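For reference, target30.cif (mmCIF, C-alpha atoms):
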```
data_upload
#
loop_
_atom_site.label_atom_id
_atom_site.label_comp_id
_atom_site.auth_asym_id
_atom_site.auth_seq_id
_atom_site.Cartn_x
_atom_site.Cartn_y
_atom_site.Cartn_z
CA MET A 1 126.02 29.96 -160.23
CA ARG A 2 129.18 27.92 -159.77
CA HIS A 3 129.71 25.51 -156.90
CA VAL A 4 132.86 25.01 -154.84
CA ASN A 5 135.45 22.91 -156.63
CA PHE A 6 137.47 21.16 -153.94
CA THR A 7 140.99 19.83 -154.33
CA ASP A 8 142.67 17.31 -152.04
CA GLY A 9 146.12 17.30 -150.52
CA ASN A 10 146.46 20.92 -149.38
CA GLU A 11 148.45 22.09 -146.37
CA ILE A 12 146.75 25.08 -144.77
CA ALA A 13 148.18 27.18 -141.95
CA LEU A 14 145.98 29.61 -140.01
CA LEU A 15 147.62 33.02 -139.55
CA HIS A 16 146.20 35.12 -136.71
CA SER A 17 146.27 38.89 -137.16
CA GLY A 18 149.26 40.84 -138.40
CA ALA A 19 151.74 39.09 -136.12
CA GLY A 20 151.09 35.84 -137.95
CA TYR A 21 150.34 37.15 -141.43
CA TYR A 22 152.83 39.85 -142.36
CA PRO A 23 156.04 37.97 -141.42
CA ALA A 24 154.81 34.92 -143.38
CA LEU A 25 153.86 37.05 -146.38
CA ILE A 26 157.15 38.97 -146.41
CA ALA A 27 159.17 35.75 -145.99
CA ALA A 28 157.41 34.25 -149.02
CA ILE A 29 158.08 37.41 -151.06
CA GLU A 30 161.75 37.41 -150.06
CA ALA A 31 162.06 33.77 -151.14
CA ALA A 32 160.34 34.29 -154.53
CA ARG A 33 162.32 33.22 -157.57
CA VAL A 34 160.01 33.77 -160.55
CA GLU A 35 156.73 35.66 -159.97
CA ILE A 36 154.45 37.24 -157.39
CA TYR A 37 150.80 38.24 -157.68
CA LEU A 38 149.37 40.40 -154.87
CA GLU A 39 145.87 41.90 -154.54
CA THR A 40 144.59 44.01 -151.68
CA TYR A 41 141.80 46.44 -150.92
CA ILE A 42 143.97 48.75 -148.80
CA PHE A 43 147.70 49.19 -149.38
CA ALA A 44 148.64 51.78 -146.78
CA ILE A 45 151.94 53.61 -146.79
CA ASP A 46 152.50 53.05 -143.08
CA ASP A 47 155.19 51.05 -141.26
CA THR A 48 153.63 47.71 -142.26
CA GLY A 49 152.86 48.77 -145.81
CA ILE A 50 156.40 50.02 -146.32
CA LEU A 51 157.83 46.65 -145.20
CA VAL A 52 155.67 44.81 -147.75
CA ARG A 53 156.26 47.41 -150.47
CA ASP A 54 160.03 47.27 -150.00
CA ALA A 55 160.03 43.45 -150.12
CA LEU A 56 158.10 43.59 -153.43
CA GLN A 57 160.58 46.11 -154.82
CA ARG A 58 163.56 43.97 -153.83
CA ALA A 59 161.94 40.99 -155.52
CA ALA A 60 161.47 42.94 -158.76
CA GLN A 61 165.04 44.21 -158.64
CA ARG A 62 166.40 40.65 -158.48
CA GLY A 63 164.40 39.65 -161.55
CA VAL A 64 161.11 38.39 -160.13
CA VAL A 65 158.01 39.38 -162.13
CA VAL A 66 155.78 41.20 -159.63
CA TYR A 67 152.13 42.15 -160.22
CA VAL A 68 150.27 44.30 -157.68
CA ILE A 69 146.61 45.34 -157.72
CA ASN A 70 145.11 47.59 -155.07
CA ASP A 71 141.61 49.02 -154.91
CA TRP A 72 141.63 52.68 -155.86
CA LEU A 73 138.95 53.66 -153.34
CA GLY A 74 140.11 51.41 -150.50
CA THR A 75 143.70 52.64 -150.73
CA GLY A 76 142.81 56.20 -151.62
CA ARG A 77 143.53 58.28 -154.71
CA VAL A 78 146.65 60.02 -153.39
CA GLN A 79 148.20 56.93 -151.79
CA THR A 80 147.47 54.85 -154.91
CA LYS A 81 149.34 57.39 -157.02
CA GLN A 82 152.29 57.44 -154.62
CA LEU A 83 152.36 53.65 -154.40
CA LYS A 84 152.28 53.23 -158.17
CA GLN A 85 155.14 55.68 -158.71
CA THR A 86 157.35 53.94 -156.16
CA LEU A 87 156.57 50.40 -157.31
CA VAL A 88 156.87 51.07 -161.03
CA ALA A 89 160.22 52.83 -160.51
CA ALA A 90 161.50 49.58 -158.97
CA GLY A 91 160.19 47.43 -161.83
CA VAL A 92 156.93 46.25 -160.24
CA GLN A 93 153.89 46.04 -162.53
CA HIS A 94 151.00 47.86 -160.84
CA ARG A 95 147.31 48.41 -161.53
CA SER A 96 144.54 49.98 -159.47
CA PHE A 97 141.01 48.59 -159.49
CA ASN A 98 138.22 50.78 -160.84
CA PRO A 99 139.74 54.27 -160.55
CA TRP A 100 137.18 57.08 -160.54
CA PHE A 101 134.38 54.44 -160.59
CA ARG A 102 134.81 53.98 -164.34
CA ARG A 103 133.43 50.44 -164.08
CA GLY A 104 130.51 51.20 -161.79
CA VAL A 105 130.29 51.09 -158.00
CA ALA A 106 131.88 47.66 -157.41
CA ARG A 107 135.17 47.52 -155.51
CA SER A 108 137.77 44.77 -155.28
CA HIS A 109 137.77 43.78 -151.62
CA ARG A 110 139.96 40.68 -152.13
CA LYS A 111 143.14 39.99 -150.18
CA LEU A 112 145.21 37.45 -152.13
CA CYS A 113 148.81 36.61 -152.90
CA VAL A 114 150.46 33.82 -154.89
CA VAL A 115 154.24 33.35 -154.90
CA ASP A 116 155.94 31.19 -157.56
CA ARG A 117 152.65 29.29 -157.98
CA GLN A 118 153.71 27.29 -154.91
CA ALA A 119 152.34 29.26 -151.96
CA ALA A 120 149.16 31.31 -151.66
CA PHE A 121 147.68 33.60 -149.03
CA VAL A 122 143.94 34.27 -148.67
CA GLY A 123 142.22 36.15 -145.88
CA GLY A 124 140.81 39.32 -144.46
CA LEU A 125 143.97 41.32 -143.79
CA ASN A 126 144.80 44.37 -145.86
CA ILE A 127 148.33 45.70 -146.20
CA ASN A 128 148.16 48.10 -143.27
CA ASP A 129 149.26 48.35 -139.66
CA ASP A 130 146.92 46.32 -137.47
CA LEU A 131 147.37 48.68 -134.53
CA LEU A 132 145.85 51.57 -136.50
CA SER A 133 142.10 51.88 -137.05
CA ASP A 134 140.71 51.13 -140.50
CA ARG A 135 138.27 53.99 -140.02
CA ASP A 136 140.89 56.56 -139.07
CA PRO A 137 144.63 55.66 -139.17
CA SER A 138 145.34 58.38 -136.61
CA ILE A 139 143.49 56.27 -134.01
CA ILE A 140 145.70 53.73 -132.21
CA LEU A 141 143.82 50.56 -131.30
CA PRO A 142 143.98 49.09 -127.78
CA ALA A 143 145.09 45.74 -129.25
CA PRO A 144 145.99 44.44 -132.74
CA ARG A 145 143.04 44.14 -135.11
CA TRP A 146 141.40 40.68 -134.74
CA ASP A 147 141.69 39.03 -138.13
CA PHE A 148 142.77 35.86 -139.96
CA ALA A 149 144.37 34.65 -143.16
CA VAL A 150 145.60 31.28 -144.37
CA ARG A 151 148.82 30.19 -146.06
CA ILE A 152 148.21 27.41 -148.56
CA THR A 153 150.53 24.98 -150.30
CA GLY A 154 149.26 22.24 -152.58
CA PRO A 155 147.08 21.96 -155.69
CA LEU A 156 144.64 24.72 -154.67
CA VAL A 157 147.44 27.25 -155.20
CA HIS A 158 147.16 26.80 -158.96
CA GLU A 159 143.42 27.60 -158.85
CA ILE A 160 144.15 30.78 -156.89
CA TYR A 161 146.92 31.66 -159.34
CA ARG A 162 144.57 31.25 -162.32
CA GLU A 163 142.01 33.54 -160.67
CA MET A 164 144.62 36.20 -159.94
CA ASP A 165 146.09 36.00 -163.43
CA ALA A 166 142.59 36.44 -164.89
CA GLN A 167 141.98 39.41 -162.59
CA TRP A 168 145.18 41.06 -163.77
CA LEU A 169 144.00 40.77 -167.37
CA ARG A 170 140.52 42.03 -166.48
CA VAL A 171 141.80 45.12 -164.70
CA GLY A 172 143.90 46.27 -167.66
CA ARG A 173 145.46 45.12 -170.87
CA MET A 174 149.13 44.24 -171.22
CA LYS A 175 151.01 45.50 -174.26
CA LEU A 176 152.26 42.83 -176.65
CA LYS A 177 155.90 43.56 -175.81
CA ALA A 178 155.26 43.09 -172.07
CA ARG A 179 153.45 39.80 -172.75
CA TRP A 180 156.39 38.54 -174.82
CA GLU A 181 158.93 39.48 -172.15
CA ASN A 182 156.89 37.76 -169.44
CA PHE A 183 156.51 34.67 -171.59
CA HIS A 184 160.29 34.29 -171.79
CA ARG A 185 160.76 34.87 -168.08
CA LEU A 186 158.03 32.34 -167.19
CA ARG A 187 158.47 29.80 -169.99
CA HIS A 188 159.50 27.09 -167.53
CA ARG A 189 156.27 26.25 -165.67
CA LEU A 190 156.71 25.81 -161.96
CA SER A 191 155.64 22.52 -160.43
CA VAL A 192 153.19 22.67 -157.53
CA PRO A 193 154.17 20.34 -154.67
CA VAL A 194 151.43 18.58 -152.69
CA TYR A 195 151.45 18.73 -148.90
CA GLY A 196 149.11 17.56 -146.17
CA ALA A 197 145.63 16.21 -146.74
CA ALA A 198 143.17 19.10 -146.36
CA GLN A 199 140.35 19.40 -148.87
CA ALA A 200 139.83 23.02 -149.87
CA GLY A 201 138.34 25.21 -152.59
CA LEU A 202 138.43 28.84 -153.64
CA VAL A 203 135.13 30.72 -153.79
CA VAL A 204 135.01 34.17 -155.37
CA ARG A 205 132.23 36.72 -155.84
CA ASP A 206 132.06 38.85 -158.95
CA ASN A 207 129.37 40.25 -161.23
CA PHE A 208 129.83 37.69 -163.98
CA ARG A 209 129.67 33.92 -163.33
CA ASN A 210 130.02 34.07 -159.55
CA ARG A 211 127.38 36.52 -158.42
CA ARG A 212 126.20 34.45 -155.42
CA THR A 213 128.86 31.77 -155.02
CA ILE A 214 130.05 32.85 -151.56
CA GLN A 215 126.54 33.29 -150.19
CA HIS A 216 125.57 29.89 -151.62
CA ALA A 217 128.52 28.26 -149.86
CA TYR A 218 127.36 29.71 -146.54
CA LEU A 219 123.71 28.75 -147.12
CA GLN A 220 124.66 25.21 -148.04
CA ALA A 221 126.86 24.80 -144.94
CA LEU A 222 124.20 26.22 -142.62
CA GLY A 223 121.50 24.10 -144.25
CA ARG A 224 123.52 20.96 -143.56
CA ALA A 225 124.56 21.97 -140.02
CA ARG A 226 123.60 19.50 -137.30
CA GLU A 227 125.54 20.50 -134.17
CA SER A 228 127.20 23.91 -134.25
CA ALA A 229 127.93 26.98 -136.35
CA PHE A 230 130.37 29.69 -135.28
CA LEU A 231 130.55 32.81 -137.45
CA ALA A 232 132.66 35.94 -136.96
CA ASN A 233 132.28 39.08 -139.06
CA PRO A 234 132.67 42.85 -138.63
CA TYR A 235 129.79 44.10 -140.78
CA PHE A 236 126.54 42.20 -140.27
CA ALA A 237 123.74 43.14 -142.66
CA PRO A 238 122.91 40.04 -144.72
CA GLY A 239 119.91 39.50 -146.96
CA ARG A 240 116.79 37.56 -146.01
CA LYS A 241 118.14 34.19 -147.16
CA MET A 242 121.20 34.39 -144.94
CA ARG A 243 119.22 35.55 -141.92
CA ARG A 244 116.64 32.84 -142.45
CA ALA A 245 119.38 30.18 -142.70
CA LEU A 246 120.80 31.28 -139.34
CA GLU A 247 117.36 31.29 -137.70
CA GLU A 248 116.35 27.91 -139.11
CA ALA A 249 119.61 26.30 -138.04
CA ALA A 250 119.13 27.55 -134.47
CA GLN A 251 115.49 26.45 -134.42
CA ARG A 252 116.38 22.87 -135.31
CA GLY A 253 118.85 22.70 -132.42
CA VAL A 254 122.14 23.82 -133.96
CA LYS A 255 124.28 25.88 -131.59
CA VAL A 256 124.66 29.08 -133.64
CA THR A 257 127.06 31.77 -132.40
CA LEU A 258 127.56 35.12 -134.14
CA LEU A 259 130.66 37.07 -133.09
CA LEU A 260 130.25 40.57 -134.51
CA GLY A 261 132.45 43.61 -134.63
CA VAL A 262 131.02 46.86 -133.25
CA GLY A 263 132.21 50.38 -132.58
CA GLN A 264 133.62 51.41 -135.96
CA PHE A 265 130.53 52.86 -137.60
CA ALA A 266 127.40 53.89 -135.70
CA MET A 267 125.22 53.38 -138.77
CA GLN A 268 126.53 49.84 -139.30
CA ASP A 269 125.98 48.97 -135.63
CA ALA A 270 122.39 50.22 -135.81
CA VAL A 271 121.65 48.18 -138.95
CA ALA A 272 123.08 45.04 -137.35
CA ARG A 273 121.10 45.56 -134.16
CA SER A 274 117.88 45.89 -136.11
CA PHE A 275 118.24 42.14 -136.84
CA TYR A 276 119.04 41.11 -133.26
CA PRO A 277 115.51 40.58 -131.82
CA LYS A 278 114.44 38.05 -134.44
CA LEU A 279 117.77 36.22 -134.42
CA LEU A 280 117.85 36.07 -130.62
CA GLY A 281 114.24 34.93 -130.55
CA ALA A 282 115.16 32.04 -132.85
CA GLY A 283 117.92 30.95 -130.47
CA VAL A 284 120.99 32.48 -132.15
CA ARG A 285 123.69 33.50 -129.66
CA ILE A 286 125.09 36.96 -130.46
CA VAL A 287 128.33 38.29 -129.01
CA GLU A 288 129.71 41.77 -129.71
CA TYR A 289 133.52 41.89 -129.78
CA ILE A 290 134.76 44.84 -127.76
CA LYS A 291 138.49 44.29 -127.13
CA THR A 292 139.61 45.93 -130.39
CA GLU A 293 138.50 46.15 -134.02
CA LEU A 294 137.17 42.83 -135.30
CA HIS A 295 137.95 42.47 -139.01
CA ALA A 296 137.87 38.67 -139.43
CA LYS A 297 135.53 37.00 -141.90
CA VAL A 298 135.60 33.38 -140.72
CA ALA A 299 133.16 30.59 -139.92
CA VAL A 300 133.13 26.97 -138.74
CA VAL A 301 130.21 24.54 -139.08
CA ASP A 302 130.09 21.18 -137.24
CA ASP A 303 133.87 21.26 -136.72
CA LYS A 304 134.25 19.98 -140.29
CA TRP A 305 133.51 22.88 -142.65
CA SER A 306 135.24 26.25 -142.32
CA THR A 307 135.95 29.37 -144.34
CA VAL A 308 138.46 32.21 -144.18
CA GLY A 309 138.43 35.18 -146.52
CA SER A 310 137.45 38.74 -147.32
CA SER A 311 133.65 38.58 -147.58
CA ASN A 312 131.57 40.43 -145.00
CA TYR A 313 127.93 39.59 -144.28
CA ASP A 314 126.57 42.76 -145.83
CA GLY A 315 125.03 43.81 -149.11
CA LEU A 316 128.25 45.23 -150.54
CA SER A 317 130.26 42.04 -150.01
CA LEU A 318 127.48 39.58 -150.87
CA PHE A 319 125.98 41.39 -153.87
CA VAL A 320 128.29 44.14 -155.18
CA ASN A 321 132.03 43.86 -154.50
CA GLN A 322 134.60 41.33 -155.65
CA GLU A 323 135.51 38.96 -152.80
CA ALA A 324 137.54 35.80 -152.24
CA ASN A 325 137.22 33.10 -149.56
CA VAL A 326 138.74 29.68 -149.08
CA VAL A 327 136.39 26.89 -147.97
CA ILE A 328 138.11 24.09 -146.05
CA GLN A 329 136.79 20.63 -145.23
CA ASP A 330 139.22 19.39 -142.62
CA ALA A 331 138.37 18.47 -139.03
CA ALA A 332 141.68 19.44 -137.42
CA PHE A 333 141.80 22.87 -139.07
CA SER A 334 138.11 23.54 -138.40
CA GLN A 335 138.40 22.63 -134.72
CA TYR A 336 141.40 24.91 -134.31
CA LEU A 337 139.62 27.84 -135.98
CA ARG A 338 136.50 27.22 -133.89
CA GLU A 339 138.63 27.44 -130.73
CA GLU A 340 140.00 30.78 -131.95
CA ILE A 341 136.46 32.10 -132.52
CA GLU A 342 135.39 30.90 -129.08
CA ALA A 343 138.40 32.64 -127.55
CA GLY A 344 137.34 35.83 -129.31
CA ALA A 345 133.78 35.42 -128.05
CA ALA A 346 135.13 35.13 -124.50
CA GLU A 347 136.48 38.68 -124.94
CA GLY A 348 133.12 40.00 -126.10
CA ARG A 349 129.78 41.08 -124.68
CA VAL A 350 126.87 38.63 -124.90
CA VAL A 351 123.66 40.23 -126.17
CA HIS A 352 120.35 39.17 -124.56
CA LEU A 353 116.82 39.53 -125.90
CA ALA A 354 115.88 41.39 -122.74
CA ASP A 355 118.33 44.12 -123.73
CA PHE A 356 115.98 45.02 -126.57
CA ALA A 357 112.74 44.47 -124.71
CA HIS A 358 113.72 47.29 -122.35
CA ALA A 359 115.51 49.52 -124.88
CA PRO A 360 114.20 53.12 -125.12
CA TRP A 361 111.82 53.76 -128.01
CA TYR A 362 114.22 56.19 -129.68
CA LYS A 363 116.95 53.50 -129.89
CA ARG A 364 114.55 51.04 -131.47
CA ALA A 365 113.41 53.77 -133.87
CA TRP A 366 117.04 54.52 -134.77
CA TYR A 367 117.75 50.85 -135.50
CA GLY A 368 114.68 50.64 -137.73
CA ALA A 369 115.46 53.86 -139.58
CA ALA A 370 119.07 52.77 -140.15
CA PHE A 371 117.89 49.48 -141.61
CA LEU A 372 115.38 51.16 -143.95
CA LEU A 373 118.01 53.59 -145.22
CA TYR A 374 120.57 50.81 -145.69
CA ARG A 375 117.99 48.55 -147.37
CA THR A 376 116.99 51.30 -149.80
CA VAL A 377 120.58 52.11 -150.80
CA ILE A 378 121.54 48.45 -151.32
CA HIS A 379 118.30 47.77 -153.20
CA ILE A 380 119.15 50.60 -155.61
CA ILE A 381 122.79 49.56 -156.05
CA THR A 382 121.92 45.91 -156.67
CA LEU A 383 118.82 46.63 -158.78
CA GLY A 384 116.71 44.66 -156.35
CA GLN A 385 118.89 41.51 -156.41
CA ASP A 386 119.88 41.66 -152.72
CA ALA A 387 117.43 39.05 -151.35
#
```

Encoded form using structure tokens:
Amino acid sequence: MRHVNFTDGNEIALLHSGAGYYPALIAAIEAARVEIYLETYIFAIDDTGILVRDALQRAAQRGVVVYVINDWLGTGRVQTKQLKQTLVAAGVQHRSFNPWFRRGVARSHRKLCVVDRQAAFVGGLNINDDLLSDRDPSIILPAPRWDFAVRITGPLVHEIYREMDAQWLRVGRMKLKARWENFHRLRHRLSVPVYGAAQAGLVVRDNFRNRRTIQHAYLQALGRARESAFLANPYFAPGRKMRRALEEAAQRGVKVTLLLGVGQFAMQDAVARSFYPKLLGAGVRIVEYIKTELHAKVAVVDDKWSTVGSSNYDGLSLFVNQEANVVIQDAAFSQYLREEIEAGAAEGRVVHLADFAHAPWYKRAWYGAAFLLYRTVIHIITLGQDA
């Protein structure tokens, strides 16, 4: 298992929901001179997706080398086919991740972009309209989806670039002629300017060398926590180690707050609530976000350590899918992100232990049954490695 390799001197900007993310992403694409790498789980052909797609096409038409990977399942078979046809016609190089499950059940859930090896984006936002539900795009949300990404400049960009370049090669092979053409177009290596002073590292999860890297980063941060831990996530169903780390932190006096998304999937809500009594009994504060869909995967520990990325706290993200987070060790950034999480919690519903003590028996039975079903499925998929 690999540890986080931090680099110094990074400038990191927090981008809140689509209003902050998509304009910044499109502006970077429009300014690209040499190359763009973009990965996403969902690339919807809606108003937002069309804006990003068209910007990528314009970049390719002015001579920029553009690589796009979307997950075949996340985007959908039909939309992936339509997207590929449109992008390739404009000169964009496109690949879909794991079509028809040819490489097993794992999906690529990463949301990454690197432009000219000088600016990178990492976060939880897909390429889709954040006023339309992830579950059903025909459902209009009451407010934009609550989510975060970061824009990074500095030496960490090169590490993200290397990971994306490796992913492109893993997903499919380039013909020799295409490699030779790209070599000529990219023969002058771009310098990476250094801005700011934030210390940050990229953590990825895959089924090769990084099977538990993201979970380990969380466990290490929670194990070292002394004052506070604020975590926000839409799908809460972690393994025993993660749950135990949250409980032990709360029991030694750390102020632990979980801000969780609810309302998208009844099964997911039931699984999450099966964990509530023990967590609440240990002193963990749980808040259910109810204003709109919560899609953020962020955390702050002791106002010093923070993370933003694509990894949920469930078996698929922690033990099956490919994920990518940035871990940041910077007090100013961490404090700002913590304030954003607290603002989200203020728009949620606090859960109390008494809520479960007086819950009808059939609700408690439903929570338990949902957990057993979920646990069985994940145990089978991960071959028992989901502890």

The PyMOL selection byres ((chain A and resi 162) around 12) applied to the shown file, residues as number ranges by chain
A: 37, 112-114, 117, 120, 155-161, 163-169, 202

List the neighbours of A:Pro142 out to 8 Å using only C-alpha atoms; skip same-chain residues closer than 6 positions along the sequence, and give me the result as a ChimeraX atom specification.
/A:131,291-292

Carefully work through the PyMOL selection byres ((chain A and resi 65) around 7) for this structure and note down the residues it includes, as a list in words.
Val34, Glu35, Ile36, Ala60, Gly63, Val64, Val66 and Tyr67 of chain A

For stretch 94-140 of chain A against stretch 324-346 of chain A, with a cut-off of 7 Å and counting only C-alpha atoms, what is the closest atom pair and its distance in Å to one decimal for every residue that makes the cut, ordered by chain and number, as a Markdown table?
```
| residue | atom | partner | partner_atom | distance |
| --- | --- | --- | --- | --- |
| A:Arg110 | CA | A:Ala324 | CA | 5.4 |
| A:Val122 | CA | A:Asn325 | CA | 6.9 |
| A:Gly123 | CA | A:Asn325 | CA | 6.9 |
```

Next, the residues of the selection above should be written as a PDB file, in the coordinates of the input with C-alpha atoms.
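Contents of part33.pdb, as written:
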```
ATOM      1  CA  ARG A 110     139.960  40.680-152.130  1.00  0.00           C
ATOM      2  CA  VAL A 122     143.940  34.270-148.670  1.00  0.00           C
ATOM      3  CA  GLY A 123     142.220  36.150-145.880  1.00  0.00           C
TER       4      GLY A 123
END
```

Could you jot down the atom CA of A:Thr40 to atom CA of A:Asn70 separation for me, Å, one decimal place?
5.0 Å

Report as an NGL selection string the residues that result from applying the PyMOL selection byres ((chain A and resi 296-306) around 7) to the structure here.
:A and (124 or 146-148 or 221 or 225-234 or 294-295 or 307-312 or 327-331 or 334-335 or 338)

Place N, CA, C and O atoms on stretch 84-97 of chain A and deliver the coordinates as a tab-separated table (two decimals), keeping the file's coordinate frame.
```
chain	number	residue	atom	x	y	z
A	84	LYS	N	151.98	53.60	-156.78
A	84	LYS	CA	152.28	53.23	-158.17
A	84	LYS	C	153.63	53.79	-158.60
A	84	LYS	O	154.45	53.08	-159.21
A	85	GLN	N	153.88	55.06	-158.31
A	85	GLN	CA	155.14	55.68	-158.71
A	85	GLN	C	156.33	54.94	-158.11
A	85	GLN	O	157.32	54.68	-158.81
A	86	THR	N	156.24	54.61	-156.83
A	86	THR	CA	157.35	53.94	-156.16
A	86	THR	C	157.55	52.52	-156.69
A	86	THR	O	158.68	52.10	-156.95
A	87	LEU	N	156.46	51.78	-156.85
A	87	LEU	CA	156.57	50.40	-157.31
A	87	LEU	C	157.06	50.31	-158.74
A	87	LEU	O	157.97	49.52	-159.06
A	88	VAL	N	156.49	51.11	-159.62
A	88	VAL	CA	156.87	51.07	-161.03
A	88	VAL	C	158.33	51.46	-161.21
A	88	VAL	O	159.05	50.88	-162.04
A	89	ALA	N	158.81	52.42	-160.42
A	89	ALA	CA	160.22	52.83	-160.51
A	89	ALA	C	161.16	51.68	-160.17
A	89	ALA	O	162.29	51.63	-160.66
A	90	ALA	N	160.67	50.73	-159.35
A	90	ALA	CA	161.50	49.58	-158.97
A	90	ALA	C	161.28	48.37	-159.89
A	90	ALA	O	161.87	47.31	-159.66
A	91	GLY	N	160.42	48.52	-160.90
A	91	GLY	CA	160.19	47.43	-161.83
A	91	GLY	C	158.98	46.58	-161.55
A	91	GLY	O	158.75	45.55	-162.20
A	92	VAL	N	158.16	46.98	-160.56
A	92	VAL	CA	156.93	46.25	-160.24
A	92	VAL	C	155.83	46.69	-161.21
A	92	VAL	O	155.69	47.87	-161.51
A	93	GLN	N	155.03	45.73	-161.69
A	93	GLN	CA	153.89	46.04	-162.53
A	93	GLN	C	152.68	46.29	-161.62
A	93	GLN	O	152.34	45.44	-160.80
A	94	HIS	N	152.05	47.45	-161.77
A	94	HIS	CA	151.00	47.86	-160.84
A	94	HIS	C	149.75	48.28	-161.59
A	94	HIS	O	149.82	48.94	-162.64
A	95	ARG	N	148.59	47.93	-161.03
A	95	ARG	CA	147.31	48.41	-161.53
A	95	ARG	C	146.40	48.70	-160.35
A	95	ARG	O	146.47	48.01	-159.33
A	96	SER	N	145.54	49.69	-160.49
A	96	SER	CA	144.54	49.98	-159.47
A	96	SER	C	143.17	49.56	-160.00
A	96	SER	O	142.90	49.68	-161.20
A	97	PHE	N	142.33	49.09	-159.10
A	97	PHE	CA	141.01	48.59	-159.49
A	97	PHE	C	140.00	49.71	-159.51
A	97	PHE	O	139.80	50.41	-158.53
```
